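Asks: The structure under discussion is supplied below as structure tokens; questions concerning it will follow.
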Amino acid sequence: MRGSVLLRRPFLLLLAVLVPGLVAGCTAGPSQRPAVVENDEPAASSPVSTTQAVPLPPLTDPQAPSIDWADCDAQVRARLEPPAVPASLRFSCGEVQSVLDAPDLPGRVQTRIAVLKAGDGPIPLVVLNDIDGESGTLYAAHLAALVPPALLQRFSLVGVDRRGTGESDPVGCVPSDVRGALLSQDPAGGELETVLDAARRAGQQCAIELGSTQQALDSWRTAGDLDRVREDLGVPKLNVLARGEAADVVTAYADRYPGRVGRVVLDGMPDPSSDPGTVLGELATAQQAALEAFGADCAARDCPLGKDAAGVVTALLNQVRAAPPTLANGVQFGPGVALNAVLAGLADRTRWPELANAIQSARTGNATPLAAFVAPLLNGSPLAPSRLDAALATLCNDSATRLPANQVSTLTETLRQRSPLFGGLVTQRLLWCLPWPGRTEALPSLGVAGLPPVLVTSTKADPVTPETGTTRAAQQMTSAVRVSWQGAGHGALGSPCVGEVVRAFLVDGRVPANGTLCPA
């Protein structure tokens with residue numbers, strides 16, 4: 001195999017990155033064990049950390065905000081994926097004008113940033129999501145239904161579609177058949193050259209269609225968009241909640257504008273380790289653990305998959321390997337697409353019953369419900385742009401180092417032996433950025449000094465931002481305090497216990513003890 005491969009500093013798989021991790025014994029005060037919130041009781045009973053030198057900034061009502069909000073409730077609901085959002089929540093939409101500011105882009109080209117407001121609280125809380133997940137506006141709509149109602153009495157959630165995503169001048173540069181090829185490689189075997197060829201085609205087409213704007217899609221410049229949003233919201237400090245890989249945008253913001261950082265919650269963080277063997281080895285092992293957690297939940301509900309979800313998925317991959325159905329878009333539903341769909345479903349715990357039914361449907365010959373989990377990456381249209389295109393551009397522009405392709409091949413074989421189900425899947429994304437221009441600018445630092453406390457939440461079995469990686473990232477932040485939910489799925493805000501910790505932090509300014517545990 002020829003070529004070399006870009007490896008992103010906090011490496012994030014475009015579909016799923018999972019490393020389960022047992023919570024380290026973080027201590028606060030004289031206790032040798034982490035604080036535990038029992039039975040999802042309010043976290044106010046947890047000890048408060050007294051080690052922070054910089055206090056949380058006070059909450060400030062907006063002064064002269066300039067965003068023109070318009071009712072968009074019906075349009076938002078038409079775009080939302082499951083689960084449904086209560087009718088009592090109403091949504092307003094607006095936009096902010098920012099500057100692309102690419103390295104080779106002449107002039108100051110404007111770009112449109114779409115924003116959504118959910119809730120009536122006076123203080124805006126900006127909400128960001130992973131670049132390959134649902135857009136920030138739609139995530140904020142779903143999040144508004146999850147957070148404690150008391151949070152929405154003080155804050156309104158302001159979802160932001162990151163540049164190139166959703167309704168923020170979306171990127172669409174990867175041909176549909178190439179998207180299918182990137183996601184279709186059989187994780188159990190086959191040459192990685194197939195994925196590498198698809199990556200070349202994607203990179204070439206994006207270079208042609210994006211031109212000078214190609215390198216304008218990254219976390220550093222997206223942080224500039226956030227500051228424009230902050231200005232137009234009329235607040236001196238940015239109060240922000242970011243899930244998963246979106247934490248990179250917030251840490252870049254702290255690097256660029258440390259004096260404008262308000263109250264920050266990072267719900268999972270990418271692993272900052274530069275060792276792909278460690279990151280991907282833990283990833284493959286933890287994806288298996290997440291599937292087992294799904295299986296246990298499935299068995300408890302007496303779902304049609306029985307007790308052995310991993311065995312059922314393995315059998316399904318063998319089934320579609322022998323006779324892959326063809327989807328409506330022409331992509332074959334082989335084992336690569338099928339396993340990517342399963343991982344996408346594992347990320348959203350609220351959709352686990354739907355995922356179980358979809359897997360059962362695929363076993364009986366109807367792959368359409370399971371394919372729906374990966375459709376947002378495979379398909380693209382002017383009204384619903386593919387999530388893969390902007391994710392590919394952003395994550396590749398955020399990449400800093402290269403890994404020789406022969407090492408990818410060796411690592412793939414090693415991980416396949418260690419984890420037969422997921423080991424061959426996790427390394428494929430190492431190839432996706434190969435044709436992309438290498439990053440020449442320095443990456444933002446996690447260790448920005450002088451910040452107020454930053455609340456970092458982790459999930460024991462998170463299929464997008466693994467807990468071990470989140471822990472490593474939090475340890476590099478001088479003011480981070482971490483709270484661990486002992487559950488499964490992407491992000492911890494579905495836990496009432498974590499939701500109360502976040503509410504107390506944002507609304508009351510209570511900083512929990514570092515290492516506090518919230519039970520599953």
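Quick note on naming: the chains in the structure tokens go A, B, ... in the order shown, residues restart at 1 in each chain, and ligands are numbered from 1 in order of appearance.
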Considering only C-alpha atoms, return as a VMD selection string whatever protein or nucleic-acid residues lie within 6 Å of Met477 in chain A, sequence-local ones (same chain, fewer than 3 positions apart) excluded.
Replies: chain A and resid 446 to 447 474 480
Asks: Go ahead and dump the residues you just picked, N, CA, C and O atoms, as a PDB file, in the first residue's frame.
Replies:
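Heads up, here's the output in result12.pdb:
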ATOM      1  N   LEU A 446      -4.851  22.714  24.900  1.00  0.00           N
ATOM      2  CA  LEU A 446      -5.855  22.438  25.925  1.00  0.00           C
ATOM      3  C   LEU A 446      -5.500  23.128  27.242  1.00  0.00           C
ATOM      4  O   LEU A 446      -6.370  23.365  28.073  1.00  0.00           O
ATOM      5  N   GLY A 447      -4.234  23.426  27.438  1.00  0.00           N
ATOM      6  CA  GLY A 447      -3.780  23.942  28.724  1.00  0.00           C
ATOM      7  C   GLY A 447      -3.760  25.449  28.804  1.00  0.00           C
ATOM      8  O   GLY A 447      -2.740  26.045  29.186  1.00  0.00           O
ATOM      9  N   ALA A 474      -9.317  16.133  29.813  1.00  0.00           N
ATOM     10  CA  ALA A 474      -9.605  16.933  31.005  1.00  0.00           C
ATOM     11  C   ALA A 474      -8.365  17.118  31.867  1.00  0.00           C
ATOM     12  O   ALA A 474      -8.168  18.178  32.482  1.00  0.00           O
ATOM     13  N   ALA A 480     -10.311  22.156  34.505  1.00  0.00           N
ATOM     14  CA  ALA A 480     -11.401  21.212  34.270  1.00  0.00           C
ATOM     15  C   ALA A 480     -11.755  20.433  35.528  1.00  0.00           C
ATOM     16  O   ALA A 480     -10.877  20.037  36.305  1.00  0.00           O
TER      17      ALA A 480
END
Asks: Just asking: which residues within range 295-388 of chain A are helix (DSSP H, G or I) according to DSSP, as a ChimeraX atom specification?
Replies: /A:295-300,309-322,335-347,349-363,368-371,375-378,387-388
Asks: Find the residues around Gly380 in chain A up to 10 Å (only C-alpha atoms counted), leave out those fewer than 2 positions away in its own chain, and share them as a PyMOL selection string.
Replies: chain A and resi 171-176+179+375-378+382-389
Asks: From the options A:Cys518, A:Gly424, A:Thr468, A:Val454, which residue's atoms come nearest to Trp485 in chain A, counting only C-alpha atoms?
Replies: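 Under the stated criterion, the closest residue is A:Cys518.
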Asks: Which residues in range 396-490 of chain A does DSSP call strand (DSSP E or B)? List them as a list of chain:residue names.
Replies: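 Those in range 396-490 of chain A that DSSP calls strand (DSSP E or B) are A:Ser399, A:Ala400, A:Thr401, A:Arg402, A:Leu403, A:Pro404, A:Val454, A:Leu455, A:Val456, A:Thr457, A:Ser458, A:Thr459, A:Lys460, A:Ala461, A:Ala480, A:Val481, A:Arg482, A:Val483, A:Ser484, A:Trp485, A:Gln486, A:Gly487, A:Ala488.
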Asks: Looking at A:Gly491, A:Gly133, A:Gly244, A:Pro236, which one is nearest to Arg260 in chain A, with distances taken over only C-alpha atoms?
Replies: A:Pro236
Asks: Hey, what's within 9 Å of Ser212 in chain A if we count only C-alpha atoms and toss same-chain stuff fewer than 6 positions away? As number ranges by chain, please?
Replies: A: 102-106
Asks: For the residues in the current selection, export all heavy atoms as a PDB file, in the first residue's frame.
Replies:
ATOM      1  N   ALA A 102     -10.054  32.057   5.217  1.00  0.00           N
ATOM      2  CA  ALA A 102      -9.164  30.951   4.856  1.00  0.00           C
ATOM      3  C   ALA A 102      -7.758  31.465   4.598  1.00  0.00           C
ATOM      4  O   ALA A 102      -7.565  32.626   4.226  1.00  0.00           O
ATOM      5  CB  ALA A 102      -9.694  30.236   3.616  1.00  0.00           C
ATOM      6  N   PRO A 103      -6.727  30.606   4.769  1.00  0.00           N
ATOM      7  CA  PRO A 103      -5.344  31.065   4.583  1.00  0.00           C
ATOM      8  C   PRO A 103      -5.074  31.661   3.204  1.00  0.00           C
ATOM      9  O   PRO A 103      -4.358  32.650   3.079  1.00  0.00           O
ATOM     10  CB  PRO A 103      -4.533  29.782   4.799  1.00  0.00           C
ATOM     11  CG  PRO A 103      -5.408  28.897   5.624  1.00  0.00           C
ATOM     12  CD  PRO A 103      -6.800  29.215   5.217  1.00  0.00           C
ATOM     13  N   ASP A 104      -5.654  31.059   2.158  1.00  0.00           N
ATOM     14  CA  ASP A 104      -5.377  31.515   0.792  1.00  0.00           C
ATOM     15  C   ASP A 104      -6.565  32.219   0.156  1.00  0.00           C
ATOM     16  O   ASP A 104      -6.630  32.347  -1.068  1.00  0.00           O
ATOM     17  CB  ASP A 104      -4.977  30.316  -0.087  1.00  0.00           C
ATOM     18  CG  ASP A 104      -3.735  29.618   0.438  1.00  0.00           C
ATOM     19  OD1 ASP A 104      -2.830  30.323   0.922  1.00  0.00           O
ATOM     20  OD2 ASP A 104      -3.676  28.378   0.362  1.00  0.00           O
ATOM     21  N   LEU A 105      -7.497  32.661   0.958  1.00  0.00           N
ATOM     22  CA  LEU A 105      -8.703  33.274   0.425  1.00  0.00           C
ATOM     23  C   LEU A 105      -8.535  34.789   0.362  1.00  0.00           C
ATOM     24  O   LEU A 105      -8.354  35.438   1.397  1.00  0.00           O
ATOM     25  CB  LEU A 105      -9.902  32.933   1.307  1.00  0.00           C
ATOM     26  CG  LEU A 105     -11.283  33.291   0.768  1.00  0.00           C
ATOM     27  CD1 LEU A 105     -11.574  32.495  -0.492  1.00  0.00           C
ATOM     28  CD2 LEU A 105     -12.349  33.019   1.819  1.00  0.00           C
ATOM     29  N   PRO A 106      -8.573  35.360  -0.840  1.00  0.00           N
ATOM     30  CA  PRO A 106      -8.426  36.817  -0.945  1.00  0.00           C
ATOM     31  C   PRO A 106      -9.653  37.537  -0.405  1.00  0.00           C
ATOM     32  O   PRO A 106     -10.793  37.119  -0.619  1.00  0.00           O
ATOM     33  CB  PRO A 106      -8.273  37.036  -2.454  1.00  0.00           C
ATOM     34  CG  PRO A 106      -8.958  35.865  -3.081  1.00  0.00           C
ATOM     35  CD  PRO A 106      -8.739  34.714  -2.148  1.00  0.00           C
TER      36      PRO A 106
END
Asks: Excluding range 162-166 of chain A and its own-chain neighbours fewer than 3 positions away, which residues fall within 10 Å of it when counting only C-alpha atoms? Please give them as a PyMOL selection string.
Replies: chain A and resi 98+100+111-115+128-138+159+169-172+216-219+221-223+225-226+246+249+382-391+393-394
Asks: Taking N, CA and C atoms for each residue, export the selection above as a CSV table (one decimal), in the first residue's frame.
Replies:
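Written out: part_12.csv:
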chain,number,residue,atom,x,y,z
A,98,SER,N,-20.6,35.8,9.4
A,98,SER,CA,-19.2,35.7,9.8
A,98,SER,C,-18.3,35.8,8.6
A,100,LEU,N,-15.1,33.9,6.4
A,100,LEU,CA,-14.5,32.6,6.2
A,100,LEU,C,-13.0,32.6,6.6
A,111,THR,N,-19.8,34.4,5.4
A,111,THR,CA,-20.5,33.1,5.4
A,111,THR,C,-21.6,33.2,6.4
A,112,ARG,N,-22.7,32.5,6.1
A,112,ARG,CA,-23.9,32.6,6.9
A,112,ARG,C,-23.8,31.5,7.9
A,113,ILE,N,-24.1,31.8,9.2
A,113,ILE,CA,-24.2,30.9,10.3
A,113,ILE,C,-25.6,30.9,10.8
A,114,ALA,N,-26.2,29.7,10.7
A,114,ALA,CA,-27.6,29.5,11.1
A,114,ALA,C,-27.7,29.3,12.6
A,115,VAL,N,-28.6,29.9,13.3
A,115,VAL,CA,-28.8,29.7,14.8
A,115,VAL,C,-30.3,29.4,15.1
A,128,LEU,N,-23.3,23.4,20.7
A,128,LEU,CA,-22.6,22.9,19.6
A,128,LEU,C,-22.7,21.4,19.6
A,129,ASN,N,-22.7,20.8,18.4
A,129,ASN,CA,-22.6,19.3,18.3
A,129,ASN,C,-21.4,18.8,17.5
A,130,ASP,N,-21.2,17.5,17.6
A,130,ASP,CA,-20.1,16.9,16.7
A,130,ASP,C,-20.3,17.3,15.3
A,131,ILE,N,-19.3,17.5,14.5
A,131,ILE,CA,-19.3,17.9,13.1
A,131,ILE,C,-20.0,16.8,12.3
A,132,ASP,N,-20.0,15.6,12.7
A,132,ASP,CA,-20.6,14.5,11.8
A,132,ASP,C,-22.0,14.1,12.4
A,133,GLY,N,-22.4,14.8,13.5
A,133,GLY,CA,-23.7,14.5,14.0
A,133,GLY,C,-24.8,15.4,13.5
A,134,GLU,N,-26.0,15.4,14.1
A,134,GLU,CA,-27.0,16.3,13.6
A,134,GLU,C,-26.5,17.7,13.8
A,135,SER,N,-27.0,18.6,13.0
A,135,SER,CA,-26.5,20.0,13.1
A,135,SER,C,-26.8,20.6,14.5
A,136,GLY,N,-26.1,21.6,14.8
A,136,GLY,CA,-26.2,22.2,16.2
A,136,GLY,C,-27.6,22.7,16.5
A,137,THR,N,-28.3,23.2,15.5
A,137,THR,CA,-29.6,23.8,15.7
A,137,THR,C,-30.6,22.6,16.1
A,138,LEU,N,-30.5,21.5,15.3
A,138,LEU,CA,-31.4,20.4,15.6
A,138,LEU,C,-31.0,19.7,16.9
A,159,GLY,N,-28.7,27.0,19.5
A,159,GLY,CA,-28.0,26.0,18.7
A,159,GLY,C,-27.3,26.7,17.5
A,169,ASP,N,-24.6,27.6,5.1
A,169,ASP,CA,-23.9,27.5,3.8
A,169,ASP,C,-23.3,26.1,3.7
A,170,PRO,N,-24.1,25.1,3.7
A,170,PRO,CA,-23.6,23.7,3.8
A,170,PRO,C,-22.6,23.3,2.7
A,171,VAL,N,-21.7,22.5,3.0
A,171,VAL,CA,-20.7,21.9,2.0
A,171,VAL,C,-21.3,20.7,1.4
A,172,GLY,N,-21.1,20.6,0.1
A,172,GLY,CA,-21.5,19.4,-0.6
A,172,GLY,C,-20.6,19.1,-1.7
A,216,ALA,N,-10.9,26.7,5.0
A,216,ALA,CA,-11.6,27.6,5.9
A,216,ALA,C,-12.5,26.8,6.9
A,217,LEU,N,-12.6,25.5,6.7
A,217,LEU,CA,-13.4,24.7,7.5
A,217,LEU,C,-12.6,24.0,8.6
A,218,ASP,N,-12.5,24.6,9.7
A,218,ASP,CA,-11.7,24.0,10.8
A,218,ASP,C,-12.2,24.6,12.1
A,219,SER,N,-11.8,24.0,13.2
A,219,SER,CA,-12.2,24.4,14.6
A,219,SER,C,-11.8,25.8,14.9
A,221,ARG,N,-11.2,28.4,13.0
A,221,ARG,CA,-12.0,29.5,12.4
A,221,ARG,C,-13.5,29.4,12.8
A,222,THR,N,-13.9,28.2,13.1
A,222,THR,CA,-15.3,28.1,13.7
A,222,THR,C,-15.4,28.9,15.0
A,223,ALA,N,-14.3,28.9,15.8
A,223,ALA,CA,-14.2,29.6,17.0
A,223,ALA,C,-14.5,31.1,16.8
A,225,ASP,N,-16.4,32.2,14.4
A,225,ASP,CA,-17.9,32.3,14.2
A,225,ASP,C,-18.6,32.4,15.6
A,226,LEU,N,-18.1,31.6,16.5
A,226,LEU,CA,-18.7,31.7,17.9
A,226,LEU,C,-18.6,33.1,18.5
A,246,ALA,N,-17.1,18.7,19.2
A,246,ALA,CA,-17.3,20.2,19.2
A,246,ALA,C,-16.5,20.8,20.4
A,249,VAL,N,-13.8,23.1,19.2
A,249,VAL,CA,-14.1,24.5,18.9
A,249,VAL,C,-14.1,25.3,20.1
A,382,PRO,N,-30.0,19.5,-1.4
A,382,PRO,CA,-30.0,20.9,-1.0
A,382,PRO,C,-30.7,21.1,0.3
A,383,LEU,N,-31.8,20.4,0.6
A,383,LEU,CA,-32.5,20.6,1.8
A,383,LEU,C,-31.9,19.8,3.0
A,384,ALA,N,-31.2,18.7,2.7
A,384,ALA,CA,-30.6,17.9,3.8
A,384,ALA,C,-29.2,17.5,3.3
A,385,PRO,N,-28.2,18.4,3.5
A,385,PRO,CA,-26.9,18.1,3.0
A,385,PRO,C,-26.3,16.9,3.8
A,386,SER,N,-25.4,16.1,3.1
A,386,SER,CA,-24.8,15.0,3.8
A,386,SER,C,-23.9,15.5,4.9
A,387,ARG,N,-23.9,14.8,6.0
A,387,ARG,CA,-23.0,15.2,7.2
A,387,ARG,C,-21.6,14.8,6.9
A,388,LEU,N,-21.3,13.9,6.0
A,388,LEU,CA,-20.0,13.4,5.8
A,388,LEU,C,-19.1,14.5,5.2
A,389,ASP,N,-19.6,15.3,4.2
A,389,ASP,CA,-18.8,16.3,3.5
A,389,ASP,C,-18.1,17.3,4.4
A,390,ALA,N,-18.9,18.0,5.2
A,390,ALA,CA,-18.3,19.0,6.1
A,390,ALA,C,-17.5,18.4,7.2
A,391,ALA,N,-17.9,17.1,7.6
A,391,ALA,CA,-17.1,16.4,8.6
A,391,ALA,C,-15.7,16.1,8.1
A,393,ALA,N,-14.1,17.5,5.6
A,393,ALA,CA,-13.3,18.8,5.5
A,393,ALA,C,-12.8,19.3,6.8
A,394,THR,N,-13.7,19.4,7.8
A,394,THR,CA,-13.3,19.9,9.1
A,394,THR,C,-12.2,19.0,9.8
Asks: Between A:Leu183, A:Val502, A:Cys433, A:Leu451, which has the minimum distance to Leu152 in chain A (counting only C-alpha atoms)?
Replies: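 When distances to Leu152 in chain A are compared using only C-alpha atoms, the smallest one comes from A:Val502.
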Asks: Taking into account only C-alpha atoms, which residue in the set A:Val337, A:Val456, A:Ala118, A:Ala141 is nearest to Arg79 in chain A?
Replies: A:Ala141
Asks: Closest to Pro149 in chain A among A:Glu81, A:Glu441, A:Glu95, A:Asp120, using only C-alpha atoms?
Replies: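 Counting only C-alpha atoms, the residue closest to Pro149 in chain A is A:Asp120.
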Asks: Name all residues at most 12 Å from Gly306 in chain A (count only C-alpha atoms; drop same-chain ones fewer than 3 positions away) and give them as a PyMOL selection string.
Replies: chain A and resi 292+294-303+309-313+356-357+359-360
Asks: Taking a cut-off of 8 Å and counting only C-alpha atoms, can you build a table that, for each residue of range 251-364 of chain A near range 401-422 of chain A, reports the nearest atom pair and how far apart they are in Å (one decimal), sorted by chain then residue number, as CSV?
Replies:
residue,atom,partner,partner_atom,distance
A:Gly277,CA,A:Leu411,CA,7.0
A:Gly281,CA,A:Leu415,CA,6.5
A:Ala284,CA,A:Phe422,CA,5.3
A:Thr285,CA,A:Ser419,CA,6.5
A:Gln287,CA,A:Phe422,CA,7.0
A:Gln288,CA,A:Phe422,CA,7.2
A:Thr314,CA,A:Leu421,CA,7.0
Asks: Store the residues of this selection in a file with N, CA, C and O atoms, as a PDB file, in the first residue's frame.
Replies:
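Final file, result.pdb:
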ATOM      1  N   GLY A 277      -2.212   3.622  17.990  1.00  0.00           N
ATOM      2  CA  GLY A 277      -2.387   2.264  18.466  1.00  0.00           C
ATOM      3  C   GLY A 277      -3.166   2.214  19.760  1.00  0.00           C
ATOM      4  O   GLY A 277      -4.084   1.394  19.927  1.00  0.00           O
ATOM      5  N   GLY A 281      -6.935   0.960  19.616  1.00  0.00           N
ATOM      6  CA  GLY A 281      -7.092  -0.286  20.340  1.00  0.00           C
ATOM      7  C   GLY A 281      -8.172  -0.176  21.401  1.00  0.00           C
ATOM      8  O   GLY A 281      -9.031  -1.060  21.539  1.00  0.00           O
ATOM      9  N   ALA A 284     -11.707   0.033  19.613  1.00  0.00           N
ATOM     10  CA  ALA A 284     -12.321  -1.214  19.172  1.00  0.00           C
ATOM     11  C   ALA A 284     -12.845  -2.029  20.352  1.00  0.00           C
ATOM     12  O   ALA A 284     -13.942  -2.597  20.294  1.00  0.00           O
ATOM     13  N   THR A 285     -12.072  -2.074  21.424  1.00  0.00           N
ATOM     14  CA  THR A 285     -12.511  -2.805  22.613  1.00  0.00           C
ATOM     15  C   THR A 285     -13.772  -2.186  23.194  1.00  0.00           C
ATOM     16  O   THR A 285     -14.721  -2.886  23.595  1.00  0.00           O
ATOM     17  N   GLN A 287     -16.035  -0.261  21.649  1.00  0.00           N
ATOM     18  CA  GLN A 287     -17.203  -0.424  20.785  1.00  0.00           C
ATOM     19  C   GLN A 287     -17.891  -1.756  21.084  1.00  0.00           C
ATOM     20  O   GLN A 287     -19.124  -1.845  21.092  1.00  0.00           O
ATOM     21  N   GLN A 288     -17.084  -2.755  21.331  1.00  0.00           N
ATOM     22  CA  GLN A 288     -17.649  -4.047  21.727  1.00  0.00           C
ATOM     23  C   GLN A 288     -18.410  -3.915  23.051  1.00  0.00           C
ATOM     24  O   GLN A 288     -19.511  -4.454  23.211  1.00  0.00           O
ATOM     25  N   THR A 314     -22.934  -9.967  14.407  1.00  0.00           N
ATOM     26  CA  THR A 314     -21.957 -10.732  13.637  1.00  0.00           C
ATOM     27  C   THR A 314     -22.646 -11.582  12.571  1.00  0.00           C
ATOM     28  O   THR A 314     -22.214 -11.641  11.417  1.00  0.00           O
TER      29      THR A 314
END
Asks: Identify which of the residues A:Ala202, A:Ala247, A:Leu233, A:Trp432 lies closest to Lys117 in chain A, counting only C-alpha atoms when measuring atom-to-atom distances.
Replies: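 Nearest to Lys117 in chain A: A:Leu233.
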Asks: Quick one: residues within 7 Å of Val374 in chain A, only C-alpha atoms counted, chain neighbours fewer than 5 positions away excluded, as a PDB file with N, CA and C atoms, in the first residue's frame?
Replies:
ATOM      1  N   ASN A 340     -21.455   0.395  10.333  1.00  0.00           N
ATOM      2  CA  ASN A 340     -21.491   1.834  10.565  1.00  0.00           C
ATOM      3  C   ASN A 340     -22.875   2.277  11.028  1.00  0.00           C
ATOM      4  N   ALA A 341     -23.920   1.670  10.469  1.00  0.00           N
ATOM      5  CA  ALA A 341     -25.283   2.002  10.886  1.00  0.00           C
ATOM      6  C   ALA A 341     -25.522   1.601  12.336  1.00  0.00           C
ATOM      7  N   ALA A 344     -23.821   4.092  14.577  1.00  0.00           N
ATOM      8  CA  ALA A 344     -24.576   5.348  14.642  1.00  0.00           C
ATOM      9  C   ALA A 344     -25.766   5.201  15.581  1.00  0.00           C
TER      10      ALA A 344
END
